[in-house]
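*Asks:* Sharing input17.txt here; it has compact mmCIF, C-alpha atoms.
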# COMPACT_ATOMS: atom_id res chain seq x y z
CA SER I 365 54.45 -47.71 -25.54
CA TYR I 366 51.83 -45.07 -26.29
CA ARG I 367 49.18 -46.70 -24.09
CA GLU I 368 51.51 -46.79 -21.10
CA ASP I 369 52.44 -43.13 -21.61
CA VAL I 370 48.76 -42.14 -21.70
CA ARG I 371 47.99 -44.30 -18.65
CA GLN I 372 50.75 -42.57 -16.68
CA ILE I 373 49.53 -39.11 -17.73
CA PHE I 374 45.98 -39.88 -16.59
CA GLU I 375 47.20 -41.47 -13.36
CA LYS I 376 49.17 -38.30 -12.60
CA ARG I 377 46.14 -36.10 -13.38
CA SER I 378 43.92 -38.29 -11.22
CA LYS I 379 46.23 -37.96 -8.22
CA LEU I 380 46.52 -34.21 -8.77
CA MET I 381 42.76 -33.76 -8.93
CA VAL I 382 42.09 -35.84 -5.80
CA GLU I 383 44.79 -33.92 -3.91
CA LEU I 384 43.39 -30.53 -4.94
CA ILE I 385 39.70 -31.37 -4.42
CA SER I 386 40.53 -32.61 -0.92
CA LYS I 387 41.41 -28.99 -0.05
CA ALA I 388 37.89 -27.73 -0.86
CA LYS I 389 35.63 -27.49 2.19
CA GLY I 390 32.81 -30.00 2.08
CA PHE I 391 34.23 -32.06 -0.82
CA LYS I 392 35.34 -35.68 -0.29
CA PRO I 393 36.70 -37.27 -3.48
CA PHE I 394 36.81 -41.00 -4.20
CA VAL I 395 40.05 -42.22 -5.77
CA PRO I 396 39.17 -43.52 -9.25
CA GLN I 397 40.25 -47.01 -10.28
CA GLY I 398 40.64 -46.53 -14.01
CA ALA I 399 38.18 -43.85 -15.09
CA PHE I 400 38.99 -40.35 -16.37
CA TYR I 401 36.86 -38.65 -13.73
CA VAL I 402 36.66 -38.27 -9.97
CA PHE I 403 33.33 -38.85 -8.23
CA CYS I 404 33.11 -36.61 -5.19
CA ASP I 405 30.84 -36.55 -2.12
CA ILE I 406 29.51 -32.99 -1.65
CA GLU I 407 27.23 -33.58 1.33
CA GLY I 408 29.36 -31.20 3.42
CA VAL I 409 28.71 -28.32 1.01
CA GLY I 410 25.02 -28.12 1.90
CA LEU I 411 23.73 -28.04 -1.68
CA GLY I 412 22.38 -30.70 -4.01
CA SER I 413 24.47 -31.64 -7.01
CA GLU I 414 22.48 -29.65 -9.57
CA ALA I 415 22.38 -26.52 -7.41
CA LEU I 416 26.11 -26.77 -6.72
CA CYS I 417 26.96 -27.29 -10.38
CA ASP I 418 24.80 -24.33 -11.39
CA ARG I 419 26.48 -22.08 -8.83
CA LEU I 420 30.01 -23.17 -9.78
CA LEU I 421 29.29 -22.50 -13.44
CA GLU I 422 27.56 -19.14 -12.86
CA GLU I 423 29.85 -17.78 -10.13
CA ILE I 424 33.32 -19.07 -11.04
CA ASN I 425 32.97 -20.46 -14.59
CA VAL I 426 33.80 -24.06 -13.66
CA ALA I 427 31.76 -26.86 -15.21
CA VAL I 428 31.09 -29.94 -13.08
CA ILE I 429 28.63 -32.77 -13.77
CA PRO I 430 25.80 -33.32 -11.23
CA GLY I 431 25.80 -36.72 -9.58
CA LYS I 432 22.02 -36.75 -9.75
CA SER I 433 22.43 -37.88 -13.35
CA PHE I 434 24.23 -40.96 -11.99
CA GLY I 435 21.78 -41.68 -9.17
CA SER I 436 23.13 -39.54 -6.30
CA ASP I 437 22.32 -35.90 -5.62
CA ARG I 438 25.06 -35.92 -2.94
CA HIS I 439 27.86 -36.30 -5.49
CA VAL I 440 29.42 -34.53 -8.47
CA ARG I 441 31.76 -35.74 -11.18
CA PHE I 442 35.00 -33.99 -12.15
CA SER I 443 36.73 -34.91 -15.41
CA PHE I 444 40.50 -34.92 -15.52
CA ALA I 445 40.59 -35.35 -19.31
CA SER I 446 42.16 -31.91 -19.59
CA SER I 447 45.57 -30.38 -18.95
CA GLU I 448 47.16 -30.21 -15.51
CA LYS I 449 47.08 -26.43 -15.84
CA ASP I 450 43.31 -26.45 -16.42
CA ILE I 451 42.80 -28.85 -13.51
CA GLN I 452 44.82 -26.62 -11.19
CA GLU I 453 42.96 -23.51 -12.33
CA GLY I 454 39.47 -25.00 -12.08
CA ILE I 455 39.93 -26.75 -8.75
CA GLY I 456 41.77 -23.71 -7.40
CA ARG I 457 38.67 -21.63 -8.16
CA ILE I 458 36.50 -24.16 -6.33
CA VAL I 459 38.79 -24.14 -3.28
CA ASP I 460 38.70 -20.33 -3.20
CA TRP I 461 34.91 -20.40 -3.60
CA THR I 462 34.46 -22.82 -0.70
CA ASN I 463 36.76 -20.72 1.51
CA LYS I 464 34.72 -17.60 0.80
CA ARG I 465 31.48 -19.41 1.72
CA GLY I 466 32.85 -20.17 5.19
Could you show the structure in this file as structure tokens?

*Replies:*
Amino acid sequence: SYREDVRQIFEKRSKLMVELISKAKGFKPFVPQGAFYVFCDIEGVGLGSEALCDRLLEEINVAVIPGKSFGSDRHVRFSFASSEKDIQEGIGRIVDWTNKRG
């Protein structure tokens, strides 16, 4: 059925995003249980959520939602309601960015 096809697509994207984010220094993703986003602990990055989101957007053109809007400045939210290609590109930029920061 259509719903099952969509569920499988989003499950695959979720797993891909968690796997890729786990490679970024200072990022610790939580595995979602049915949402279309990944909430991620960024305490190891050394920036608050708004500062990190601003830098990612300005420096590498990747939009991420600050966790401060959801009650935690130590987290950010990544949507996987986009193509696998876009997920790979965006998270790849974040991994490269974290590697350059040291």

*Asks:* Can you measure atom CA of Ile458 of chain I to atom CA of Ala399 of chain I for me? One decimal in Å is fine.

*Replies:* 21.6 Å

*Asks:* Which one is closest to Gly435 of chain I: I:Leu420, I:Gly408, I:Leu384, I:Ser413? Count all atoms listed in the file.

*Replies:*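 Residue with the minimum atom-to-atom distance to Gly435 of chain I: I:Ser413.
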
*Asks:* Any idea what's packed within 9 Å of Asp418 of chain I, counting only C-alpha atoms, ignoring anything in its chain fewer than 4 positions away? Could you give it as a PyMOL selection string?

*Replies:* chain I and resi 413-414+422-423+427-428

*Asks:* Between atom CA of Arg438 of chain I and atom CA of Asp405 of chain I, what is the spacing in Å?

*Replies:* 5.9 Å

*Asks:* Restricting the calculation to all atoms listed in the file, which member of I:Tyr366, I:Ser378, I:Gly410, I:Ala388 is positioned closest to Lys464 of chain I?

*Replies:* I:Ala388

*Asks:* Between I:Val440, I:Pro396, I:Ala445, I:Phe403, which is the closest to Val370 of chain I once you count all atoms listed in the file?

*Replies:*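 Nearest to Val370 of chain I: I:Ala445.
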
*Asks:* From (45.0, -23.4, 2.1), in the file's coordinates, out to 9 Å: which residues are reached, counting only C-alpha atoms? Answer as a ChimeraX atom specification.

*Replies:* /I:387-388,459-460,463

*Asks:* Give me, as a list in words, all polymer residues having an atom no more than 10 Å from Thr462 of chain I, counting all atoms listed in the file and skipping those fewer than 5 positions away in the same chain.

*Replies:*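 Near Thr462 of chain I, the qualifying residues are Lys387, Ala388, Lys389, Gly390, Phe391, Val409, Gly456 and Arg457 of chain I.
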
*Asks:* Enclose all atoms of segment 365-375 of chain I listed in the file in an axis-aligned box, grow every side by 3 Å, and hand back centre and edge lengths in Å to one decimal, as AutoDock Vina command-line options.

*Replies:*
--center_x 50.2 --center_y -43.4 --center_z -19.8 --size_x 14.5 --size_y 14.6 --size_z 18.9

*Asks:* So which one's closest to Phe400 of chain I, I:Ser365, I:Gln452, I:Gln372, I:Ser436? Using all atoms listed in the file, please.

*Replies:*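 Counting all atoms listed in the file, the residue closest to Phe400 of chain I is I:Gln372.
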
*Asks:* Point out the residue among I:Ser386, I:Ser446, I:Ile424, I:Gly431 with the least atom-to-atom distance to Leu411 of chain I, counting all atoms listed in the file.

*Replies:*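 Among I:Ser386, I:Ser446, I:Ile424, I:Gly431, it is I:Gly431 that comes nearest to Leu411 of chain I.
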
*Asks:* With all atoms listed in the file as the atoms that count, which of I:Arg367, I:Val402, I:Lys392, I:Glu407 lies nearest to Ser443 of chain I?

*Replies:*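 The shortest atom-to-atom distance to Ser443 of chain I comes from I:Val402.
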
*Asks:* Write out as a ChimeraX atom specification the residues lying within 8 Å of Pro430 of chain I, counting only C-alpha atoms and excluding same-chain residues fewer than 3 positions away.

*Replies:* /I:413-414,416-417,433-434,437,439-441
